[in-house]
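Pasting model15.pdb here (PDB, C-alpha atoms):
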```
MODEL        1
ATOM      1  CA  MET A  66      32.038-103.806-105.403
ATOM      2  CA  ASN A  67      29.001-102.709-103.441
ATOM      3  CA  ALA A  68      29.971-103.907 -99.971
ATOM      4  CA  LEU A  69      26.369-103.695 -98.783
ATOM      5  CA  ASN A  70      25.249-106.007-101.576
ATOM      6  CA  PRO A  71      28.169-108.428-102.008
ATOM      7  CA  PRO A  72      28.272-111.087-104.711
ATOM      8  CA  THR A  73      27.093-114.584-103.906
ATOM      9  CA  THR A  74      30.703-115.811-103.809
ATOM     10  CA  VAL A  75      31.443-113.488-100.879
ATOM     11  CA  LEU A  76      28.287-114.552 -99.056
ATOM     12  CA  VAL A  77      29.234-118.217 -99.496
ATOM     13  CA  ALA A  78      32.738-117.452 -98.209
ATOM     14  CA  LEU A  79      31.317-115.689 -95.137
ATOM     15  CA  GLY A  80      29.069-118.654 -94.413
ATOM     16  CA  SER A  81      32.016-121.021 -94.783
ATOM     17  CA  LEU A  82      34.066-118.845 -92.430
ATOM     18  CA  ALA A  83      31.348-119.030 -89.793
ATOM     19  CA  VAL A  84      31.205-122.834 -89.990
ATOM     20  CA  HIS A  85      34.989-123.284 -89.948
ATOM     21  CA  ILE A  86      35.414-120.841 -87.057
ATOM     22  CA  GLU A  87      32.757-122.666 -85.019
ATOM     23  CA  GLU A  88      34.473-125.975 -85.730
ATOM     24  CA  PHE A  89      37.938-124.559 -84.987
ATOM     25  CA  LEU A  90      36.802-123.153 -81.631
ATOM     26  CA  SER A  91      34.976-126.333 -80.621
ATOM     27  CA  PRO A  92      36.590-128.895 -78.317
ATOM     28  CA  THR A  93      37.106-131.122 -81.355
ATOM     29  CA  GLY A  94      38.516-128.333 -83.551
ATOM     30  CA  HIS A  95      40.936-129.426 -86.223
ATOM     31  CA  PRO A  96      44.011-127.745 -87.756
ATOM     32  CA  HIS A  97      42.385-128.120 -91.183
ATOM     33  CA  ASP A  98      39.800-125.543 -90.089
ATOM     34  CA  ARG A  99      42.564-122.975 -89.592
ATOM     35  CA  ILE A 100      43.889-123.734 -93.074
ATOM     36  CA  ALA A 101      40.387-123.322 -94.525
ATOM     37  CA  ILE A 102      39.923-120.004 -92.690
ATOM     38  CA  GLU A 103      43.245-118.683 -93.992
ATOM     39  CA  SER A 104      42.369-119.823 -97.504
ATOM     40  CA  ILE A 105      38.986-118.099 -97.467
ATOM     41  CA  LEU A 106      40.466-114.878 -96.081
ATOM     42  CA  SER A 107      43.014-114.829 -98.913
ATOM     43  CA  GLN A 108      40.388-114.950-101.691
ATOM     44  CA  ALA A 109      40.494-111.819-103.852
ATOM     45  CA  ASP A 110      36.750-111.115-103.680
ATOM     46  CA  VAL A 111      36.729-111.512 -99.892
ATOM     47  CA  ARG A 112      39.784-109.197 -99.557
ATOM     48  CA  GLU A 113      38.072-106.632-101.802
ATOM     49  CA  TRP A 114      34.865-106.812 -99.768
ATOM     50  CA  LEU A 115      36.775-106.449 -96.490
ATOM     51  CA  ALA A 116      38.681-103.434 -97.844
ATOM     52  CA  GLU A 117      35.435-101.764 -98.901
ATOM     53  CA  MET A 118      33.804-102.497 -95.533
ATOM     54  CA  GLU A 119      36.862-101.052 -93.792
ATOM     55  CA  ARG A 120      36.775 -97.960 -96.026
ATOM     56  CA  MET A 121      33.166 -97.386 -94.956
ATOM     57  CA  ALA A 122      34.171 -97.888 -91.277
ATOM     58  CA  PHE A 123      31.898-100.934 -90.926
ATOM     59  CA  LEU A 124      34.618-103.199 -89.481
ATOM     60  CA  PRO A 125      36.299-103.063 -86.099
ATOM     61  CA  VAL A 126      39.746-101.531 -86.093
ATOM     62  CA  LYS A 127      42.395-104.213 -85.633
ATOM     63  CA  ARG A 128      44.403-104.041 -82.434
ATOM     64  CA  GLU A 129      48.079-103.535 -82.988
ATOM     65  CA  ALA A 130      50.289-106.365 -81.858
ATOM     66  CA  PRO A 131      52.301-105.483 -78.758
ATOM     67  CA  PRO A 132      55.990-104.978 -79.424
ATOM     68  CA  ALA A 133      58.151-108.032 -78.966
ATOM     69  CA  PRO A 134      60.242-107.950 -75.813
ATOM     70  CA  ALA A 135      63.819-106.886 -76.379
ATOM     71  CA  LYS A 136      66.324-109.716 -76.432
ATOM     72  CA  ARG A 137      68.855-109.613 -73.666
ATOM     73  CA  ARG A 138      72.470-109.693 -74.570
ATOM     74  CA  LYS A 139      74.733-112.198 -72.946
ATOM     75  CA  VAL A 140      77.450-110.560 -70.945
ATOM     76  CA  VAL A 141      80.754-112.193 -71.740
TER      77      VAL A 141
ENDMDL
END
```

Encoding of this model in structure tokens:
Amino acid sequence: MNALNPPTTVLVALGSLAVHIEEFLSPTGHPHDRIAIESILSQADVREWLAEMERMAFLPVKREAPPAPAKRRKVV
């Protein structure tokens, strides 16, 4: 895939992401928007495009999640 000239399906998915993200972040955002976002991000052509964009260093590097705090043991 040429990441700089993606297929129409990827462009449609990106447009849909923008709309669903705007709706999700709005005061009236709905959980269905999150489901739609997750669904779009799981599409094979979108994943392929993202991988190619990442390979070309055109995407921000994801922050690593901080480590979970250690659980404390109960002293018996």

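Once the PyMOL selection byres ((chain A and resi 77-88) around 9) is applied to the depicted file, the selected set reads A:Pro72, A:Thr73, A:Thr74, A:Val75, A:Leu76, A:Phe89, A:Leu90, A:Ser91, A:Pro92, A:Thr93, A:Gly94, A:His95, A:His97, A:Asp98, A:Arg99, A:Ala101, A:Ile102, A:Ile105, A:Leu106, A:Gln108, A:Val111.
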
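For the pair CA of Arg112 (chain A) and CA of Pro96 (chain A), the separation is 22.4 Å.
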
With a distance cut-off of 10 Å and all atoms listed in the file, select the neighbouring residues of Glu117 (chain A), excluding the residue or stretch itself and same-chain residues fewer than 6 positions from it, and output the selection as a VMD selection string. chain A and resid 66 to 69 111 123 to 124

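From CA of Arg120 (chain A) back to CA of Ser107 (chain A), the distance works out to 18.2 Å.
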
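Using all atoms listed in the file for every distance, the candidate list A:Pro131, A:Glu113, A:Glu119, A:Val126 yields A:Glu113 as the residue closest to Pro71 (chain A).
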
Output, as AutoDock Vina command-line options, the centre and edge lengths in Å (one decimal) of the axis-aligned box that contains all listed atoms of region 113-132 of chain A with 3 Å of margin on each side.
```
--center_x 43.9 --center_y -102.1 --center_z -90.3 --size_x 30.1 --size_y 15.4 --size_z 29.0
```
